$ cat query.pdb   # PDB, C-alpha atoms
ATOM      1  CA  MET A  29     -90.615 194.218 247.390
ATOM      2  CA  HIS A  30     -87.753 196.739 247.415
ATOM      3  CA  THR A  31     -85.044 196.552 244.760
ATOM      4  CA  PRO A  32     -82.446 193.969 245.866
ATOM      5  CA  LYS A  33     -79.243 195.480 247.220
ATOM      6  CA  THR A  34     -76.826 192.633 246.469
ATOM      7  CA  ILE A  35     -76.298 189.824 243.972
ATOM      8  CA  ASP A  36     -77.182 187.330 246.703
ATOM      9  CA  ASP A  37     -80.484 189.172 247.143
ATOM     10  CA  ILE A  38     -81.152 188.677 243.427
ATOM     11  CA  GLN A  39     -80.543 184.936 243.668
ATOM     12  CA  THR A  40     -82.810 184.712 246.702
ATOM     13  CA  MET A  41     -85.469 186.799 244.959
ATOM     14  CA  LEU A  42     -85.417 184.618 241.835
ATOM     15  CA  SER A  43     -85.344 181.351 243.757
ATOM     16  CA  GLY A  44     -88.472 182.573 245.547
ATOM     17  CA  GLN A  45     -90.129 182.431 242.115
ATOM     18  CA  ASN A  46     -88.685 178.948 241.432
ATOM     19  CA  TYR A  47     -86.143 180.403 239.011
ATOM     20  CA  VAL A  48     -82.661 178.978 239.550
ATOM     21  CA  ALA A  49     -80.075 181.470 238.301
ATOM     22  CA  GLY A  50     -76.292 181.142 238.240
ATOM     23  CA  ARG A  51     -73.976 183.782 239.634
ATOM     24  CA  ALA A  52     -73.218 185.355 236.245
ATOM     25  CA  LEU A  53     -76.880 185.785 235.312
ATOM     26  CA  SER A  54     -77.748 187.067 238.790
ATOM     27  CA  THR A  55     -74.939 189.616 238.505
ATOM     28  CA  VAL A  56     -76.147 191.053 235.207
ATOM     29  CA  VAL A  57     -79.737 191.198 236.513
ATOM     30  CA  PHE A  58     -78.493 193.054 239.593
ATOM     31  CA  LEU A  59     -76.586 195.549 237.440
ATOM     32  CA  SER A  60     -79.574 196.047 235.143
ATOM     33  CA  LEU A  61     -81.867 196.872 238.071
ATOM     34  CA  THR A  62     -79.277 199.012 239.849
ATOM     35  CA  LEU A  63     -78.136 201.034 236.825
ATOM     36  CA  GLY A  64     -81.516 201.162 235.086
ATOM     37  CA  LYS A  65     -80.101 199.720 231.857
ATOM     38  CA  PRO A  66     -82.010 197.360 229.547
ATOM     39  CA  LEU A  67     -80.959 193.722 229.759
ATOM     40  CA  PHE A  68     -80.361 191.838 226.509
ATOM     41  CA  LEU A  69     -80.554 188.051 226.885
ATOM     42  CA  GLU A  70     -79.480 185.852 224.006
ATOM     43  CA  GLY A  71     -79.375 182.065 223.780
ATOM     44  CA  GLU A  72     -81.012 178.906 222.497
ATOM     45  CA  PRO A  73     -84.807 178.569 222.805
ATOM     46  CA  GLY A  74     -85.915 177.033 226.086
ATOM     47  CA  THR A  75     -83.050 178.259 228.256
ATOM     48  CA  GLY A  76     -85.252 180.464 230.459
ATOM     49  CA  LYS A  77     -84.839 183.924 228.900
ATOM     50  CA  THR A  78     -88.544 184.755 228.917
ATOM     51  CA  GLU A  79     -89.103 183.173 232.317
ATOM     52  CA  ILE A  80     -86.619 185.466 234.026
ATOM     53  CA  ALA A  81     -88.692 188.520 233.053
ATOM     54  CA  LYS A  82     -91.763 186.866 234.543
ATOM     55  CA  ALA A  83     -89.830 185.985 237.705
ATOM     56  CA  ILE A  84     -88.515 189.553 238.128
ATOM     57  CA  ALA A  85     -91.965 191.079 237.645
ATOM     58  CA  ALA A  86     -93.579 188.670 240.108
ATOM     59  CA  ALA A  87     -90.828 189.094 242.711
ATOM     60  CA  LEU A  88     -90.876 192.898 242.557
ATOM     61  CA  GLY A  89     -94.666 193.082 242.386
ATOM     62  CA  ARG A  90     -94.512 194.919 239.065
ATOM     63  CA  ARG A  91     -96.753 194.651 236.049
ATOM     64  CA  LEU A  92     -95.333 192.525 233.224
ATOM     65  CA  ILE A  93     -95.902 193.967 229.746
ATOM     66  CA  ARG A  94     -94.883 191.660 226.904
ATOM     67  CA  LEU A  95     -94.197 192.700 223.342
ATOM     68  CA  GLN A  96     -93.959 189.539 221.243
ATOM     69  CA  CYS A  97     -91.893 190.316 218.144
ATOM     70  CA  TYR A  98     -92.633 188.926 214.702
ATOM     71  CA  GLU A  99     -91.730 189.587 211.091
ATOM     72  CA  GLY A 100     -93.457 192.734 209.880
ATOM     73  CA  LEU A 101     -93.920 194.250 213.344
ATOM     74  CA  ASP A 102     -93.909 198.043 213.008
ATOM     75  CA  ALA A 103     -93.902 201.014 215.342
ATOM     76  CA  SER A 104     -97.657 201.593 215.227
ATOM     77  CA  SER A 105     -98.422 198.000 216.183
ATOM     78  CA  ALA A 106     -95.960 198.197 219.086
ATOM     79  CA  VAL A 107     -96.984 201.642 220.369
ATOM     80  CA  TYR A 108    -100.622 202.469 219.614
ATOM     81  CA  GLU A 109    -103.516 202.201 217.201
ATOM     82  CA  TRP A 110    -106.626 204.281 216.793
ATOM     83  CA  ASN A 111    -109.863 202.407 217.434
ATOM     84  CA  PHE A 112    -111.260 202.826 213.931
ATOM     85  CA  PRO A 113    -114.626 201.035 214.483
ATOM     86  CA  ALA A 114    -115.339 203.203 217.540
ATOM     87  CA  GLN A 115    -114.359 206.318 215.595
ATOM     88  CA  MET A 116    -116.789 205.377 212.800
ATOM     89  CA  VAL A 117    -119.602 204.923 215.315
ATOM     90  CA  ALA A 118    -118.833 208.348 216.787
ATOM     91  CA  ILE A 119    -118.871 209.934 213.310
ATOM     92  CA  ARG A 120    -122.248 208.393 212.460
ATOM     93  CA  THR A 121    -123.650 209.409 215.832
ATOM     94  CA  ALA A 122    -122.486 212.990 215.277
ATOM     95  CA  GLU A 123    -123.975 213.028 211.773
ATOM     96  CA  ALA A 124    -127.298 211.719 213.076
ATOM     97  CA  ALA A 125    -127.326 214.427 215.745
ATOM     98  CA  GLY A 126    -126.645 217.102 213.132
ATOM     99  CA  ALA A 127    -123.235 218.102 214.500
ATOM    100  CA  THR A 128    -121.496 220.554 212.173
ATOM    101  CA  ASP A 129    -118.319 221.489 214.053
ATOM    102  CA  ARG A 130    -115.794 219.382 212.179
ATOM    103  CA  LYS A 131    -112.810 220.614 214.178
ATOM    104  CA  ALA A 132    -114.447 219.674 217.475
ATOM    105  CA  LEU A 133    -115.369 216.270 216.072
ATOM    106  CA  GLN A 134    -111.822 215.677 214.851
ATOM    107  CA  THR A 135    -110.430 216.615 218.263
ATOM    108  CA  GLU A 136    -112.835 214.183 219.893
ATOM    109  CA  LEU A 137    -112.007 211.365 217.470
ATOM    110  CA  PHE A 138    -108.278 211.631 218.158
ATOM    111  CA  SER A 139    -108.555 211.847 221.936
ATOM    112  CA  PRO A 140    -107.327 209.248 224.470
ATOM    113  CA  GLU A 141    -110.848 207.788 224.534
ATOM    114  CA  PHE A 142    -110.283 206.281 221.074
ATOM    115  CA  LEU A 143    -106.656 205.307 221.602
ATOM    116  CA  THR A 144    -105.724 201.632 221.843
ATOM    117  CA  GLU A 145    -102.465 201.386 223.742
ATOM    118  CA  ARG A 146     -99.946 198.745 222.700
ATOM    119  CA  PRO A 147     -97.077 197.414 224.869
ATOM    120  CA  LEU A 148     -94.523 200.205 224.362
ATOM    121  CA  LEU A 149     -97.013 202.937 225.212
ATOM    122  CA  GLN A 150     -98.385 200.932 228.150
ATOM    123  CA  ALA A 151     -94.831 200.684 229.515
ATOM    124  CA  MET A 152     -94.495 204.486 229.440
ATOM    125  CA  ARG A 153     -97.526 205.006 231.659
ATOM    126  CA  PRO A 154     -97.210 205.571 235.430
ATOM    127  CA  ASP A 155     -98.145 202.597 237.586
ATOM    128  CA  PRO A 156     -98.970 202.644 241.318
ATOM    129  CA  SER A 157     -96.811 199.561 241.909
ATOM    130  CA  GLY A 158     -93.774 201.112 240.191
ATOM    131  CA  ALA A 159     -92.219 200.983 236.754
ATOM    132  CA  PRO A 160     -93.410 197.875 234.894
ATOM    133  CA  VAL A 161     -91.234 195.139 233.461
ATOM    134  CA  LEU A 162     -91.231 195.473 229.667
ATOM    135  CA  LEU A 163     -90.371 192.176 227.979
ATOM    136  CA  ILE A 164     -89.452 192.570 224.306
ATOM    137  CA  ASP A 165     -89.481 188.915 223.388
ATOM    138  CA  GLU A 166     -87.680 187.280 220.441
ATOM    139  CA  LEU A 167     -86.388 190.541 218.980
ATOM    140  CA  ASP A 168     -84.535 188.583 216.293
ATOM    141  CA  ARG A 169     -87.896 187.775 214.678
ATOM    142  CA  SER A 170     -88.559 191.450 213.912
ATOM    143  CA  ASP A 171     -87.138 193.480 211.031
ATOM    144  CA  GLU A 172     -84.237 195.943 211.116
ATOM    145  CA  PRO A 173     -86.449 199.064 210.717
ATOM    146  CA  PHE A 174     -88.236 198.131 213.940
ATOM    147  CA  GLU A 175     -84.872 197.764 215.665
ATOM    148  CA  ALA A 176     -84.006 201.324 214.624
ATOM    149  CA  PHE A 177     -87.270 202.614 216.062
ATOM    150  CA  LEU A 178     -86.749 200.633 219.255
ATOM    151  CA  LEU A 179     -83.264 202.103 219.653
ATOM    152  CA  GLU A 180     -84.752 205.595 219.719
ATOM    153  CA  ALA A 181     -87.609 204.634 222.047
ATOM    154  CA  LEU A 182     -85.247 203.015 224.560
ATOM    155  CA  SER A 183     -82.847 205.955 224.440
ATOM    156  CA  ASP A 184     -85.349 208.507 225.730
ATOM    157  CA  PHE A 185     -88.128 206.246 227.053
ATOM    158  CA  GLN A 186     -90.681 208.307 225.207
ATOM    159  CA  VAL A 187     -92.963 207.923 222.212
ATOM    160  CA  THR A 188     -94.686 210.488 220.025
ATOM    161  CA  ILE A 189     -98.298 210.315 218.886
ATOM    162  CA  PRO A 190     -98.803 213.025 216.250
ATOM    163  CA  GLU A 191    -102.367 213.806 217.360
ATOM    164  CA  LEU A 192    -101.554 213.886 221.094
ATOM    165  CA  GLY A 193     -97.882 214.825 221.321
ATOM    166  CA  THR A 194     -94.950 213.207 223.128
ATOM    167  CA  ILE A 195     -95.537 210.834 226.028
ATOM    168  CA  LYS A 196     -92.538 210.302 228.291
ATOM    169  CA  ALA A 197     -92.255 207.670 230.986
ATOM    170  CA  PRO A 198     -92.190 209.280 234.447
ATOM    171  CA  GLU A 199     -89.980 206.358 235.492
ATOM    172  CA  PRO A 200     -88.171 204.177 232.917
ATOM    173  CA  PRO A 201     -89.541 200.632 232.761
ATOM    174  CA  ILE A 202     -87.381 197.625 233.559
ATOM    175  CA  VAL A 203     -86.572 196.447 230.030
ATOM    176  CA  ILE A 204     -85.612 192.881 229.124
ATOM    177  CA  LEU A 205     -84.986 191.949 225.502
ATOM    178  CA  THR A 206     -84.556 188.354 224.347
ATOM    179  CA  SER A 207     -83.196 186.812 221.171
ATOM    180  CA  ASN A 208     -82.867 183.228 219.952
ATOM    181  CA  ARG A 209     -80.158 184.463 217.574
ATOM    182  CA  THR A 210     -81.872 183.420 214.370
ATOM    183  CA  ARG A 211     -80.202 186.583 213.055
ATOM    184  CA  GLU A 212     -77.790 189.129 214.504
ATOM    185  CA  VAL A 213     -79.284 192.116 216.306
ATOM    186  CA  HIS A 214     -77.659 195.453 215.424
ATOM    187  CA  ASP A 215     -74.700 196.497 217.573
ATOM    188  CA  ALA A 216     -76.182 199.946 218.236
ATOM    189  CA  LEU A 217     -79.092 198.385 220.088
ATOM    190  CA  LYS A 218     -76.874 195.959 221.983
ATOM    191  CA  ARG A 219     -74.685 198.850 223.147
ATOM    192  CA  ARG A 220     -77.697 200.328 224.935
ATOM    193  CA  CYS A 221     -78.020 197.164 226.987
ATOM    194  CA  LEU A 222     -76.214 194.905 229.387
ATOM    195  CA  TYR A 223     -75.639 191.605 227.557
ATOM    196  CA  HIS A 224     -75.731 188.009 228.731
ATOM    197  CA  TRP A 225     -75.635 184.717 226.829
ATOM    198  CA  VAL A 226     -77.949 182.216 228.531
ATOM    199  CA  GLU A 227     -76.417 178.743 228.342
ATOM    200  CA  TYR A 228     -78.063 175.393 228.787
ATOM    201  CA  PRO A 229     -77.602 174.563 232.479
ATOM    202  CA  ASP A 230     -75.112 171.956 233.619
ATOM    203  CA  PHE A 231     -76.327 168.780 235.324
ATOM    204  CA  ALA A 232     -76.351 170.174 238.868
ATOM    205  CA  ARG A 233     -78.215 173.356 237.935
ATOM    206  CA  GLU A 234     -80.770 171.514 235.824
ATOM    207  CA  MET A 235     -81.400 169.207 238.776
ATOM    208  CA  GLU A 236     -82.040 172.289 240.922
ATOM    209  CA  ILE A 237     -84.452 173.649 238.315
ATOM    210  CA  LEU A 238     -86.311 170.352 238.020
ATOM    211  CA  SER A 239     -86.546 170.045 241.791
ATOM    212  CA  ALA A 240     -88.123 173.521 241.931
ATOM    213  CA  ARG A 241     -90.497 173.067 238.978
ATOM    214  CA  ALA A 242     -91.408 169.371 239.326
ATOM    215  CA  PRO A 243     -90.953 168.710 243.044
ATOM    216  CA  ASP A 244     -93.037 165.517 243.007
ATOM    217  CA  ALA A 245     -90.490 163.688 240.845
ATOM    218  CA  SER A 246     -88.238 161.380 242.843
ATOM    219  CA  ALA A 247     -84.534 162.169 242.983
ATOM    220  CA  ALA A 248     -83.720 158.956 241.097
ATOM    221  CA  LEU A 249     -86.152 159.689 238.254
ATOM    222  CA  SER A 250     -85.060 163.332 238.084
ATOM    223  CA  ARG A 251     -81.429 162.286 237.758
ATOM    224  CA  GLU A 252     -82.266 159.922 234.886
ATOM    225  CA  ILE A 253     -84.386 162.584 233.144
ATOM    226  CA  VAL A 254     -81.703 165.260 233.361
ATOM    227  CA  ALA A 255     -78.909 162.890 232.357
ATOM    228  CA  PHE A 256     -80.889 161.687 229.333
ATOM    229  CA  VAL A 257     -81.815 165.218 228.202
ATOM    230  CA  GLN A 258     -78.211 166.330 228.550
ATOM    231  CA  LYS A 259     -77.141 163.390 226.372
ATOM    232  CA  LEU A 260     -79.781 164.394 223.830
ATOM    233  CA  ARG A 261     -78.273 167.873 223.628
ATOM    234  CA  SER A 262     -74.948 166.367 222.619
ATOM    235  CA  GLU A 263     -76.598 164.712 219.594
ATOM    236  CA  ASP A 264     -76.825 166.302 216.150
ATOM    237  CA  LEU A 265     -80.442 167.434 216.426
ATOM    238  CA  PHE A 266     -82.320 170.112 214.509
ATOM    239  CA  LYS A 267     -83.746 171.505 217.760
ATOM    240  CA  LYS A 268     -82.112 170.566 221.040
ATOM    241  CA  PRO A 269     -84.478 170.289 224.006
ATOM    242  CA  GLY A 270     -84.513 173.252 226.378
ATOM    243  CA  VAL A 271     -85.112 173.341 230.100
ATOM    244  CA  ALA A 272     -88.818 173.869 229.435
ATOM    245  CA  GLU A 273     -88.903 170.490 227.688
ATOM    246  CA  THR A 274     -87.100 168.831 230.596
ATOM    247  CA  ILE A 275     -89.780 170.125 232.971
ATOM    248  CA  ASP A 276     -92.639 169.167 230.644
ATOM    249  CA  TRP A 277     -91.248 165.663 230.213
ATOM    250  CA  ALA A 278     -90.878 165.172 233.949
ATOM    251  CA  ARG A 279     -94.506 166.201 234.471
ATOM    252  CA  CYS A 280     -95.640 163.825 231.722
ATOM    253  CA  LEU A 281     -93.742 160.936 233.278
ATOM    254  CA  LEU A 282     -95.239 161.742 236.682
ATOM    255  CA  ALA A 283     -98.736 161.731 235.159
ATOM    256  CA  LEU A 284     -97.991 158.232 233.818
ATOM    257  CA  ASP A 285     -96.677 157.056 237.233
ATOM    258  CA  VAL A 286     -93.270 156.282 235.726
ATOM    259  CA  ILE A 287     -90.687 155.331 238.338
ATOM    260  CA  SER A 288     -87.695 154.737 236.063
ATOM    261  CA  LEU A 289     -86.907 155.392 232.398
ATOM    262  CA  SER A 290     -87.048 152.598 229.860
ATOM    263  CA  PRO A 291     -86.575 152.662 226.069
ATOM    264  CA  GLN A 292     -90.294 152.007 225.595
ATOM    265  CA  THR A 293     -91.362 154.796 227.958
ATOM    266  CA  ILE A 294     -88.976 157.214 226.272
ATOM    267  CA  ALA A 295     -90.275 156.309 222.822
ATOM    268  CA  GLU A 296     -93.885 156.799 223.945
ATOM    269  CA  THR A 297     -93.258 160.239 225.491
ATOM    270  CA  LEU A 298     -90.547 161.620 223.225
ATOM    271  CA  GLY A 299     -92.953 164.218 221.828
ATOM    272  CA  ALA A 300     -92.678 166.076 225.130
ATOM    273  CA  VAL A 301     -88.925 166.494 224.600
ATOM    274  CA  LEU A 302     -88.374 166.721 220.833
ATOM    275  CA  LYS A 303     -90.586 168.827 218.570
ATOM    276  CA  TYR A 304     -89.423 167.802 215.096
ATOM    277  CA  GLN A 305     -90.171 164.473 213.448
ATOM    278  CA  ASP A 306     -86.684 164.236 211.946
ATOM    279  CA  ASP A 307     -85.193 164.432 215.452
ATOM    280  CA  ILE A 308     -87.626 161.838 216.781
ATOM    281  CA  ALA A 309     -86.837 159.540 213.836
ATOM    282  CA  ARG A 310     -83.125 159.700 214.710
ATOM    283  CA  LEU A 311     -83.875 157.956 217.992
ATOM    284  CA  GLU A 312     -85.672 154.992 216.492
ATOM    285  CA  GLY A 313     -84.232 151.529 216.762
ATOM    286  CA  GLY A 314     -81.402 151.126 219.242
ATOM    287  CA  GLU A 315     -80.516 154.796 219.570
ATOM    288  CA  THR A 316     -82.850 155.359 222.506
ATOM    289  CA  LYS A 317     -81.347 152.448 224.446
ATOM    290  CA  ARG A 318     -77.812 153.622 223.634
ATOM    291  CA  LEU A 319     -78.490 157.105 224.969
ATOM    292  CA  LEU A 320     -80.225 155.774 228.054
ATOM    293  CA  ASP A 321     -77.310 153.441 228.781
ATOM    294  CA  GLU A 322     -74.849 156.331 228.335
ATOM    295  CA  ALA A 323     -76.974 158.568 230.579
ATOM    296  CA  ARG A 324     -77.049 155.953 233.323
ATOM    297  CA  ALA A 325     -73.317 155.354 232.967
ATOM    298  CA  SER A 326     -72.695 159.082 233.415
ATOM    299  CA  LEU A 327     -74.572 158.936 236.717
ATOM    300  CA  THR A 328     -72.261 156.289 238.124
ATOM    301  CA  SER A 329     -68.987 157.719 236.818
TER     302      SER A 329
END

$ encode --input "query.pdb" --output "structure tokens"
Amino acid sequence: MHTPKTIDDIQTMLSGQNYVAGRALSTVVFLSLTLGKPLFLEGEPGTGKTEIAKAIAAALGRRLIRLQCYEGLDASSAVYEWNFPAQMVAIRTAEAAGATDRKALQTELFSPEFLTERPLLQAMRPDPSGAPVLLIDELDRSDEPFEAFLLEALSDFQVTIPELGTIKAPEPPIVILTSNRTREVHDALKRRCLYHWVEYPDFAREMEILSARAPDASAALSREIVAFVQKLRSEDLFKKPGVAETIDWARCLLALDVISLSPQTIAETLGAVLKYQDDIARLEGGETKRLLDEARASLTS
């Protein structure tokens, strides 16, 4: 698929992948693709930040390369590693064959044949289908030194391997960074990107999402599910349910042939929506019925 020419094209493209995006998000995606700037998406877990990268890659027919960030992630783990076991086998094979040219052996050992490419290097490689989509997921989980390295890599879209030299992307990848804001990401990195805060959807948009992702759910059940989840998000919970949980819960209820919510059904399936025991314990007793009654009242108001 060719790069979309308008914001409406973006919305159509994403909806074709069952991703329902608002005008503001579609606009920043359009600008990111048009200007070739990285897109930085921040927001609560479960609001669809990772999914939009998958939707863009699928819609454009591009390869999706995902770098999952974690504490202690360093440049070598994100760019490349040498295949040490294979190098050791090659050394022993050379010794057994009586090879004496150490310089030739060293050149062979540090050749592309023994290079294990990690996401950042993979994203710099040419691809017949076009520049890949590079998803740098949950950047806030990484450490500040990795952020500094990433800032340099995204500035020039090139990486240096001492034994092989500098590798530059023939075409910059489509870069999407996400953060759950467990810590602040440095301003210098944000300035390289277009920024968008991904909110929880309102009732109408979440209904659209549920209709696209769980089409077998009846309209009546979907309305109750969305209304109840939205009420849950207004509670003082340790981890509010995201859109992913709404979809999972709907699928669970469909598997159980549930037609309408009841306090008992909610209690039995609450693990699909809430992931912390303290949050689940808050809904014991009459709390579940109270929230369900409030959700139903909101549907008639």

$ closest_residue --input "query.pdb" --among "A:Ile294, A:Ala87, A:Leu327, A:Ile237" --to "Ile275 of chain A" --atoms "all atoms listed in the file"
A:Ile237

$ closest_residue --input "query.pdb" --among "A:Val203, A:Ala176, A:Cys280, A:Val187" --to "Ala216 of chain A" --atoms "all atoms listed in the file"
A:Ala176

$ closest_residue --input "query.pdb" --among "A:Val213, A:Leu59, A:Leu182, A:Leu143" --to "Glu166 of chain A" --atoms "all atoms listed in the file"
A:Val213

$ closest_residue --input "query.pdb" --among "A:Arg169, A:Arg310, A:Arg91, A:Lys196" --to "Glu263 of chain A" --atoms "only C-alpha atoms"
A:Arg310

$ closest_residue --input "query.pdb" --among "A:Leu167, A:Ala52, A:Leu137, A:Ala124" --to "Leu101 of chain A" --atoms "all atoms listed in the file"
A:Leu167

$ closest_residue --input "query.pdb" --among "A:Thr34, A:Ser326, A:Thr144, A:Gln45" --to "Val107 of chain A" --atoms "all atoms listed in the file"
A:Thr144

$ decode --input "query.pdb" --residues "segment 69-94 of chain A" --atoms "N, CA and C atoms" --output "PDB file, in the first residue's frame"
ATOM      1  N   LEU A  69       4.627   7.804  21.581  1.00  0.00           N
ATOM      2  CA  LEU A  69       3.293   7.619  22.155  1.00  0.00           C
ATOM      3  C   LEU A  69       3.412   7.309  23.638  1.00  0.00           C
ATOM      4  N   GLU A  70       2.738   8.119  24.440  1.00  0.00           N
ATOM      5  CA  GLU A  70       2.784   7.937  25.885  1.00  0.00           C
ATOM      6  C   GLU A  70       1.360   7.774  26.396  1.00  0.00           C
ATOM      7  N   GLY A  71       1.186   7.000  27.458  1.00  0.00           N
ATOM      8  CA  GLY A  71      -0.148   6.815  28.018  1.00  0.00           C
ATOM      9  C   GLY A  71      -0.189   5.608  28.927  1.00  0.00           C
ATOM     10  N   GLU A  72      -1.357   5.380  29.521  1.00  0.00           N
ATOM     11  CA  GLU A  72      -1.533   4.251  30.429  1.00  0.00           C
ATOM     12  C   GLU A  72      -1.408   2.929  29.662  1.00  0.00           C
ATOM     13  N   PRO A  73      -0.972   1.862  30.357  1.00  0.00           N
ATOM     14  CA  PRO A  73      -0.923   0.549  29.696  1.00  0.00           C
ATOM     15  C   PRO A  73      -2.309   0.144  29.188  1.00  0.00           C
ATOM     16  N   GLY A  74      -2.339  -0.490  28.039  1.00  0.00           N
ATOM     17  CA  GLY A  74      -3.603  -1.010  27.518  1.00  0.00           C
ATOM     18  C   GLY A  74      -4.418  -0.022  26.718  1.00  0.00           C
ATOM     19  N   THR A  75      -3.812   1.106  26.318  1.00  0.00           N
ATOM     20  CA  THR A  75      -4.574   2.088  25.548  1.00  0.00           C
ATOM     21  C   THR A  75      -4.322   1.969  24.036  1.00  0.00           C
ATOM     22  N   GLY A  76      -3.548   0.960  23.623  1.00  0.00           N
ATOM     23  CA  GLY A  76      -3.388   0.706  22.194  1.00  0.00           C
ATOM     24  C   GLY A  76      -2.133   1.277  21.566  1.00  0.00           C
ATOM     25  N   LYS A  77      -1.117   1.613  22.369  1.00  0.00           N
ATOM     26  CA  LYS A  77       0.096   2.222  21.823  1.00  0.00           C
ATOM     27  C   LYS A  77       0.880   1.219  20.970  1.00  0.00           C
ATOM     28  N   THR A  78       1.036   0.012  21.503  1.00  0.00           N
ATOM     29  CA  THR A  78       1.769  -1.016  20.758  1.00  0.00           C
ATOM     30  C   THR A  78       0.981  -1.463  19.538  1.00  0.00           C
ATOM     31  N   GLU A  79      -0.324  -1.573  19.691  1.00  0.00           N
ATOM     32  CA  GLU A  79      -1.161  -2.072  18.596  1.00  0.00           C
ATOM     33  C   GLU A  79      -1.113  -1.172  17.370  1.00  0.00           C
ATOM     34  N   ILE A  80      -0.930   0.129  17.580  1.00  0.00           N
ATOM     35  CA  ILE A  80      -0.928   1.013  16.410  1.00  0.00           C
ATOM     36  C   ILE A  80       0.295   0.750  15.532  1.00  0.00           C
ATOM     37  N   ALA A  81       1.421   0.386  16.126  1.00  0.00           N
ATOM     38  CA  ALA A  81       2.601   0.042  15.327  1.00  0.00           C
ATOM     39  C   ALA A  81       2.327  -1.205  14.495  1.00  0.00           C
ATOM     40  N   LYS A  82       1.667  -2.186  15.118  1.00  0.00           N
ATOM     41  CA  LYS A  82       1.326  -3.405  14.389  1.00  0.00           C
ATOM     42  C   LYS A  82       0.362  -3.102  13.247  1.00  0.00           C
ATOM     43  N   ALA A  83      -0.607  -2.217  13.515  1.00  0.00           N
ATOM     44  CA  ALA A  83      -1.602  -1.874  12.494  1.00  0.00           C
ATOM     45  C   ALA A  83      -0.945  -1.144  11.318  1.00  0.00           C
ATOM     46  N   ILE A  84      -0.022  -0.221  11.608  1.00  0.00           N
ATOM     47  CA  ILE A  84       0.659   0.521  10.547  1.00  0.00           C
ATOM     48  C   ILE A  84       1.495  -0.418   9.689  1.00  0.00           C
ATOM     49  N   ALA A  85       2.240  -1.307  10.338  1.00  0.00           N
ATOM     50  CA  ALA A  85       3.084  -2.249   9.595  1.00  0.00           C
ATOM     51  C   ALA A  85       2.237  -3.150   8.690  1.00  0.00           C
ATOM     52  N   ALA A  86       1.145  -3.674   9.248  1.00  0.00           N
ATOM     53  CA  ALA A  86       0.286  -4.566   8.466  1.00  0.00           C
ATOM     54  C   ALA A  86      -0.366  -3.826   7.300  1.00  0.00           C
ATOM     55  N   ALA A  87      -0.829  -2.604   7.554  1.00  0.00           N
ATOM     56  CA  ALA A  87      -1.526  -1.837   6.518  1.00  0.00           C
ATOM     57  C   ALA A  87      -0.590  -1.432   5.382  1.00  0.00           C
ATOM     58  N   LEU A  88       0.646  -1.088   5.732  1.00  0.00           N
ATOM     59  CA  LEU A  88       1.606  -0.652   4.708  1.00  0.00           C
ATOM     60  C   LEU A  88       2.367  -1.815   4.081  1.00  0.00           C
ATOM     61  N   GLY A  89       2.165  -3.021   4.629  1.00  0.00           N
ATOM     62  CA  GLY A  89       2.887  -4.179   4.116  1.00  0.00           C
ATOM     63  C   GLY A  89       4.365  -4.135   4.448  1.00  0.00           C
ATOM     64  N   ARG A  90       4.691  -3.545   5.592  1.00  0.00           N
ATOM     65  CA  ARG A  90       6.090  -3.425   6.013  1.00  0.00           C
ATOM     66  C   ARG A  90       6.399  -4.432   7.117  1.00  0.00           C
ATOM     67  N   ARG A  91       7.658  -4.746   7.242  1.00  0.00           N
ATOM     68  CA  ARG A  91       8.108  -5.620   8.315  1.00  0.00           C
ATOM     69  C   ARG A  91       8.042  -4.874   9.647  1.00  0.00           C
ATOM     70  N   LEU A  92       7.557  -5.538  10.680  1.00  0.00           N
ATOM     71  CA  LEU A  92       7.533  -4.951  12.022  1.00  0.00           C
ATOM     72  C   LEU A  92       8.708  -5.510  12.816  1.00  0.00           C
ATOM     73  N   ILE A  93       9.565  -4.617  13.296  1.00  0.00           N
ATOM     74  CA  ILE A  93      10.704  -5.009  14.130  1.00  0.00           C
ATOM     75  C   ILE A  93      10.483  -4.405  15.511  1.00  0.00           C
ATOM     76  N   ARG A  94      10.442  -5.243  16.520  1.00  0.00           N
ATOM     77  CA  ARG A  94      10.104  -4.776  17.875  1.00  0.00           C
ATOM     78  C   ARG A  94      11.304  -4.887  18.805  1.00  0.00           C
TER      79      ARG A  94
END
